[in-house]
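Undergrad: First the structure, which I've put down as structure tokens, then a few questions once you've had a look.
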Amino acid sequence: MSDHSSATAVSPPALSRAGLGWGCLGVTAFSFTVIFTRVALGGLSPLFIGAGRAVVAAALAAAALTLTRAPLPQGGQWRRLGVVAAGVVAGFPLLTSYALTTVPAAHGAVVIALLPAATAVAAVLRCREHPPLAFWTAAGIGAVVAVVFAMLHGGGPGQLRWPDLLLFGAVVAAAIGYAEGGLLARELGAWQTVSWALVAAAPVMVPLTAVAVVDRPPHAGVGEWAAFGYLAAVSMFLGFFAWYRGLAIGPMAQVSQVQLVQPVLTICWAALLLREGVTWLTACGGAAVVACAAFAVRMRRSPTANADPGT
């Protein structure tokens, strides 16, 4: 693992099996995040899960950066790493942990299915691109579908519950973090960007973890601790290695679309591992959101759009 082993290079003209394989591996790893968050909540507090897993991942990241003698980020790169850390190290884990205390994993997966489209929107705004109207239409319809699903599946027509608001906030946080991280990965390297973001967030996440331990001492069984270990080592760290490695091999525009299958996998895992019933509303809502996200991503990646920022 060298300093630039995962740095983004010029994308090859044809879809690489290696790039697709690494991308699928990363998405598969992430698809268990919501599931194991629900499992860990059986014995651990949401604050401990959200902050503690970042602390463990930061320790792993610091070790990797030290062993590879990765060069320090320079100047404004630290500010941009702060954006990545706020989005994917702090925002998404904490918001989803609190939301999943009351909503099923399959429900969370449908709302989070907005993430690919939201990431594309964040990248468009960040890079000042001018995609076609169809892109904005698809992204908007996807958001409306997700909101309607949350209302019908939760508090009823015209009512959004606080867990759904947290999930939508998590989507926004992750989208901003992914977009900025994709750009920064071209300068620092993919796994290095994730690692430095984890290290940058540690001064905040360590005190939060201490507060969580004092407020509610962990009383978890083997299953809950195993789930927490997965969230820390895989969801927060190793999963990004595979995901960004796939994007680096590319072509990035094609490999990134693999993320669209993540909510489908999560819903399947919820049914198989958590014995959650998958209703027709959940299935149809998930399919509709994924379809809108797929169309938005495809329109944004079309040849008429500007260059891909590396999300």
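Please note that chains go A, B, ... in the order of the structure tokens, that every chain numbers its residues from 1, and that ligands are numbered from 1 in the order shown.
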Which segment 77-148 of chain A residues have any atom within 12 Å of an atom of segment 53-68 of chain A, and for each, what is the nearest pair of atoms with distance in Å to one decimal, counting only C-alpha atoms, rows sorted by chain and number, as a tab-separated table?
TA:
```
residue	atom	partner	partner_atom	distance
A:Ala85	CA	A:Ala54	CA	9.8
A:Ala86	CA	A:Ala54	CA	11.4
A:Val88	CA	A:Ala54	CA	9.7
A:Val89	CA	A:Ala54	CA	6.3
A:Ala90	CA	A:Ala54	CA	7.6
A:Gly91	CA	A:Ala54	CA	11.0
A:Phe92	CA	A:Ala54	CA	11.1
A:Pro93	CA	A:Ala54	CA	8.5
A:Leu94	CA	A:Ala54	CA	9.9
A:Ser97	CA	A:Arg53	CA	11.1
```
Undergrad: Excluding segment 209-218 of chain A and its own-chain neighbours fewer than 6 positions away, which residues fall within 7 Å of it when counting only C-alpha atoms? Please give them as a ChimeraX atom specification.
TA: /A:43-45,47-48,51-52
Undergrad: Those same residues, written as a CSV table (one decimal), in the first residue's frame with N, CA, C and O atoms?
TA:
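part31.csv, freshly written:
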```
chain,number,residue,atom,x,y,z
A,43,GLY,N,-27.4,-3.0,22.5
A,43,GLY,CA,-26.7,-2.9,23.8
A,43,GLY,C,-25.8,-1.6,23.9
A,43,GLY,O,-25.2,-1.4,25.0
A,44,LEU,N,-25.8,-0.8,22.9
A,44,LEU,CA,-24.9,0.4,22.9
A,44,LEU,C,-25.7,1.6,22.5
A,44,LEU,O,-26.7,1.5,21.8
A,45,SER,N,-25.3,2.8,23.0
A,45,SER,CA,-26.1,4.0,22.8
A,45,SER,C,-25.8,4.5,21.4
A,45,SER,O,-24.7,4.2,20.8
A,47,LEU,N,-25.0,7.5,20.5
A,47,LEU,CA,-23.8,8.4,20.5
A,47,LEU,C,-22.5,7.5,20.5
A,47,LEU,O,-21.5,7.9,19.8
A,48,PHE,N,-22.5,6.5,21.3
A,48,PHE,CA,-21.3,5.6,21.4
A,48,PHE,C,-21.1,5.0,20.0
A,48,PHE,O,-19.9,4.9,19.6
A,51,ALA,N,-19.9,7.9,17.4
A,51,ALA,CA,-18.6,8.5,17.7
A,51,ALA,C,-17.6,7.4,17.9
A,51,ALA,O,-16.4,7.6,17.4
A,52,GLY,N,-17.9,6.4,18.7
A,52,GLY,CA,-16.9,5.4,19.0
A,52,GLY,C,-16.3,4.6,17.8
A,52,GLY,O,-15.1,4.4,17.7
```
Undergrad: Between A:Ala139, A:Ala170, A:Val34, A:Leu115, which one has atoms that come closest to Ile267 of chain A, using only C-alpha atoms?
TA: A:Val34
Undergrad: Using only C-alpha atoms, find the one residue out of A:Pro203, A:Gly108, A:Gly87, A:Gly221 that sits nearest to Ile176 of chain A.
TA: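 Checking each candidate against Ile176 of chain A, we get A:Gly87 as the closest.
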Undergrad: Near segment 224-227 of chain A, within 6 Å and counting only C-alpha atoms, which residues show up once chain neighbours fewer than 3 positions away are dropped, as a CSV table (one decimal) with N, CA, C and O atoms, in the first residue's frame?
TA:
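Listed below is the output, result-v5.csv:
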```csv
chain,number,residue,atom,x,y,z
A,36,PHE,N,-26.1,-3.5,10.8
A,36,PHE,CA,-25.3,-3.7,12.0
A,36,PHE,C,-25.4,-2.6,12.9
A,36,PHE,O,-25.2,-2.7,14.1
A,39,VAL,N,-28.3,-3.7,14.9
A,39,VAL,CA,-27.9,-4.8,15.9
A,39,VAL,C,-27.1,-4.2,17.0
A,39,VAL,O,-27.4,-4.5,18.2
A,40,ALA,N,-26.2,-3.3,16.8
A,40,ALA,CA,-25.4,-2.7,17.8
A,40,ALA,C,-26.2,-1.9,18.8
A,40,ALA,O,-25.9,-1.8,20.0
A,220,ALA,N,-23.2,-4.6,26.3
A,220,ALA,CA,-23.5,-5.3,25.1
A,220,ALA,C,-23.0,-6.7,25.1
A,220,ALA,O,-22.0,-7.0,25.8
A,221,GLY,N,-23.7,-7.5,24.3
A,221,GLY,CA,-23.3,-8.9,24.2
A,221,GLY,C,-22.3,-9.1,23.1
A,221,GLY,O,-21.9,-8.1,22.4
A,230,TYR,N,-17.6,-4.3,13.2
A,230,TYR,CA,-17.8,-4.2,11.7
A,230,TYR,C,-17.9,-2.7,11.3
A,230,TYR,O,-17.3,-2.3,10.3
```
Undergrad: In terms of the shortest atom-to-atom distance over only C-alpha atoms, which of A:Ile35, A:Ala29, A:Leu160, A:Leu72 is closest to Gln192 of chain A?
TA: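 Counting only C-alpha atoms, the residue closest to Gln192 of chain A is A:Leu72.
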